[in-house]
Amino acid sequence: MLMTITHLPVANILLPLAAFAVAFVSALWLHPKVVRVAKLKNITDNPDKRKLQREPVPVLGGTVAFFGIVLGMGVLSPCYEMPGLMLMFTLMLLMLYTGTLDDIFGLTPGIRFVIEILAALAVIYIGGYSIDNFHGLWGIGSISPWISVPLTVVTVVGIINAINLIDGVNGLSSGYCIMSCAIFGVFFYLTDDMMMTILSAACIGALIPFFVHNVFGNRLRMFIGDGGTLMMGMVLSLFVLRVWDLDYETAMEIVSKGRGFGLIPFTLAVLSIPVFDTLRVMTHRMMHGTSPFSPDKTHLHHAFIGMGFSHLATTLSILGLNLVIVAGWYALYVSGFMIDVQFHFVLFTAILFDVGVYFVANRIMHHKP
């Protein structure tokens, strides 16, 4: 984004850095302790024919991330006004508990869906967020509550499950969340949304120790689990709604200086690979007569693993594909292309990268298993 930050107060830079540092240190301190408890109590993800690990791995990484995020935000809450912070923490905690219970005891998809829908309704009717404006996409502005409420529920539930379903190889879900929080954090910083900037920084700080242990560690390796992915899915859905809820004219003045900044294409670009991978997988399952929530090995990361990629190479490849889409959208934006063109580019490239790469990978594995 083209704006310089020289006119912004120094505190606007120091507060996110402080949140990052507090979250990073607290998560780094707690991580080995939670690993020991999970191993002692046998709270682990055990290998089976669908999963890629070869030994039981603790699955309480979400509790570590939540601890770091809350501490990073909480320590700085007296320094900056943060309206809606309690609701945000409540929704994150609800998702953390739901996912952790699913990790330990196993919940039915129906129960999880009901909880996710209730969380989305709380975002709408308590938090005051909803997708009630398309901001000029296809020439559409404000939309009716009869459309905006169900659309918001579908969006929140969809993002939560998309982040949950990419958690298949070491570092992918946490690495993706770090990347997306960094992109959203820059946007919130440039639009002077300090609460969301601090939240983005705290999320990055809390996830980095987990990512490093998960990818490069052995003795302290731990999965983020459904608790962590559902929680981060809720955070990213709040980011999306916050972006769409911006005062349009103010956002245009601060971020784009009159250029056609597409709020919807921007958020879709950041979330492109998880969203379209989830849509492809669920469509494939239903076309073959199975439940869209039945586990299988048809995700994009399974294709990379099947071609012989390591977990780290798979993670970096998928993150790289997503970054290419974001970079392509940004190039169109700075070149002055219309919002509709930005959206259709993101839509086309996301489908091409997910469906196309998966198809090519399957062809390679078919001919050279």
# chains A, B, ... in the order shown; residues from 1 in each chain; ligands from 1
call {"tool": "residues_around", "arguments": {"residues": "region 29-39 of chain A", "least_positions_apart": "6", "cutoff": "8 Å", "atoms": "only C-alpha atoms", "output": "ChimeraX atom specification"}}
result
/A:58-61,64,209-210,220-222
call {"tool": "residues_around", "arguments": {"residues": "Met86 (chain A)", "least_positions_apart": "5", "cutoff": "12 Å", "atoms": "only C-alpha atoms", "output": "short mmCIF file (atom, residue, chain, number, x, y, z; two decimals) with N, CA and C atoms, in the first residue's frame"}}
result
data_model
loop_
_atom_site.label_atom_id
_atom_site.label_comp_id
_atom_site.auth_asym_id
_atom_site.auth_seq_id
_atom_site.Cartn_x
_atom_site.Cartn_y
_atom_site.Cartn_z
N VAL A 70 -4.11 -13.40 24.42
CA VAL A 70 -4.84 -12.68 25.48
C VAL A 70 -3.89 -11.89 26.36
N MET A 73 -2.69 -8.81 24.34
CA MET A 73 -3.73 -7.79 24.25
C MET A 73 -4.06 -7.20 25.61
N GLY A 74 -4.14 -8.07 26.61
CA GLY A 74 -4.56 -7.62 27.94
C GLY A 74 -3.59 -6.65 28.58
N SER A 77 -4.21 -3.27 27.05
CA SER A 77 -5.57 -2.72 27.04
C SER A 77 -5.69 -1.40 27.80
N LEU A 91 -15.58 -15.02 22.18
CA LEU A 91 -15.76 -15.83 20.97
C LEU A 91 -14.54 -16.71 20.71
N MET A 92 -13.36 -16.14 20.93
CA MET A 92 -12.14 -16.94 20.78
C MET A 92 -12.12 -18.10 21.76
N LEU A 93 -12.51 -17.83 23.00
CA LEU A 93 -12.54 -18.88 24.03
C LEU A 93 -13.57 -19.94 23.70
N VAL A 123 -21.61 -12.30 16.76
CA VAL A 123 -20.83 -11.28 16.05
C VAL A 123 -21.76 -10.23 15.44
N ILE A 126 -24.45 -8.81 18.73
CA ILE A 126 -23.78 -8.21 19.90
C ILE A 126 -22.62 -7.34 19.44
N GLY A 127 -21.82 -7.87 18.51
CA GLY A 127 -20.67 -7.11 18.04
C GLY A 127 -21.03 -6.02 17.04
#
call {"tool": "residues_around", "arguments": {"residues": "Thr349 (chain A)", "least_positions_apart": "4", "cutoff": "9 Å", "atoms": "only C-alpha atoms", "output": "count of residues only"}}
result
7
call {"tool": "residues_around", "arguments": {"residues": "region 330-343 of chain A", "least_positions_apart": "2", "cutoff": "12 Å", "atoms": "only C-alpha atoms", "output": "PyMOL selection string"}}
result
chain A and resi 1-3+134-140+183+255-270+272+323-328+345-350
call {"tool": "write_last_selection", "arguments": {"atoms": "C-alpha atoms", "output": "CSV table (one decimal), in the first residue's frame"}}
result
chain,number,residue,atom,x,y,z
A,1,MET,CA,0.0,0.0,0.0
A,2,LEU,CA,1.3,3.4,-1.0
A,3,MET,CA,0.9,5.3,2.2
A,134,PHE,CA,-20.5,-4.6,-1.2
A,135,HIS,CA,-18.6,-1.3,-1.5
A,136,GLY,CA,-19.2,-0.9,-5.3
A,137,LEU,CA,-18.5,-4.5,-6.4
A,138,TRP,CA,-20.7,-5.1,-9.4
A,139,GLY,CA,-22.2,-1.7,-8.8
A,140,ILE,CA,-23.8,-2.9,-5.5
A,183,ILE,CA,-1.2,-8.7,5.8
A,255,VAL,CA,-5.3,3.6,2.2
A,256,SER,CA,-5.7,4.2,-1.5
A,257,LYS,CA,-5.7,8.0,-1.9
A,258,GLY,CA,-8.5,7.9,-4.5
A,259,ARG,CA,-7.6,4.6,-6.1
A,260,GLY,CA,-10.0,1.8,-6.5
A,261,PHE,CA,-9.1,-0.3,-3.4
A,262,GLY,CA,-11.4,-3.4,-3.5
A,263,LEU,CA,-12.1,-4.3,0.1
A,264,ILE,CA,-13.8,-7.6,-0.9
A,265,PRO,CA,-11.1,-8.6,-3.5
A,266,PHE,CA,-8.5,-7.8,-0.8
A,267,THR,CA,-10.0,-10.1,1.8
A,268,LEU,CA,-10.7,-12.8,-0.7
A,269,ALA,CA,-7.1,-12.7,-1.9
A,270,VAL,CA,-5.8,-13.2,1.6
A,272,SER,CA,-8.0,-17.5,-1.3
A,323,LEU,CA,1.1,-14.8,-1.7
A,324,VAL,CA,1.2,-14.8,-5.5
A,325,ILE,CA,-2.6,-14.2,-5.6
A,326,VAL,CA,-2.3,-11.4,-3.1
A,327,ALA,CA,0.6,-9.9,-5.1
A,328,GLY,CA,-1.4,-10.1,-8.3
A,345,PHE,CA,-8.7,-11.9,-11.1
A,346,VAL,CA,-8.6,-13.2,-7.5
A,347,LEU,CA,-11.5,-15.6,-8.2
A,348,PHE,CA,-9.9,-17.0,-11.4
A,349,THR,CA,-6.4,-17.4,-10.1
A,350,ALA,CA,-7.6,-18.9,-6.8
call {"tool": "atom_distance", "arguments": {"atom1": "CA of Gly72 (chain A)", "atom2": "CA of Phe20 (chain A)"}}
result
6.7 Å
call {"tool": "atom_distance", "arguments": {"atom1": "CA of Ile43 (chain A)", "atom2": "CA of Gly227 (chain A)"}}
result
12.6 Å
call {"tool": "select_by_dssp", "arguments": {"residues": "region 15-188 of chain A", "states": "helix (DSSP H, G or I)", "output": "PyMOL selection string"}}
result
chain A and resi 15-40+61-79+85-104+109-125+137-139+145-165+172-188
call {"tool": "closest_residue", "arguments": {"among": "A:Val25, A:Gly205, A:Gly168, A:Asn42", "to": "Ile104 (chain A)", "atoms": "only C-alpha atoms"}}
result
A:Asn42
call {"tool": "closest_residue", "arguments": {"among": "A:Asn170, A:Ser310, A:Thr152, A:Thr229", "to": "Thr98 (chain A)", "atoms": "only C-alpha atoms"}}
result
A:Thr229
call {"tool": "atom_distance", "arguments": {"atom1": "CA of Asp277 (chain A)", "atom2": "CA of His299 (chain A)"}}
result
6.6 Å
call {"tool": "closest_residue", "arguments": {"among": "A:Val243, A:Leu207, A:Ala18, A:Ile115", "to": "Thr63 (chain A)", "atoms": "only C-alpha atoms"}}
result
A:Leu207
call {"tool": "residues_around", "arguments": {"residues": "Ile143 (chain A)", "least_positions_apart": "6", "cutoff": "9 Å", "atoms": "only C-alpha atoms", "output": "CSV table (one decimal) with N, CA, C and O atoms, in the first residue's frame"}}
result
chain,number,residue,atom,x,y,z
A,131,ILE,N,-22.1,-8.1,6.9
A,131,ILE,CA,-21.7,-7.8,5.5
A,131,ILE,C,-23.0,-7.1,4.9
A,131,ILE,O,-23.8,-7.8,4.3
A,132,ASP,N,-23.1,-5.8,5.1
A,132,ASP,CA,-24.2,-5.1,4.6
A,132,ASP,C,-23.9,-4.1,3.5
A,132,ASP,O,-24.8,-3.3,3.1
A,133,ASN,N,-22.7,-4.2,2.9
A,133,ASN,CA,-22.3,-3.3,1.9
A,133,ASN,C,-21.3,-4.0,1.0
A,133,ASN,O,-20.3,-4.5,1.5
A,134,PHE,N,-21.5,-4.0,-0.3
A,134,PHE,CA,-20.5,-4.6,-1.2
A,134,PHE,C,-19.5,-3.6,-1.7
A,134,PHE,O,-18.6,-3.9,-2.5
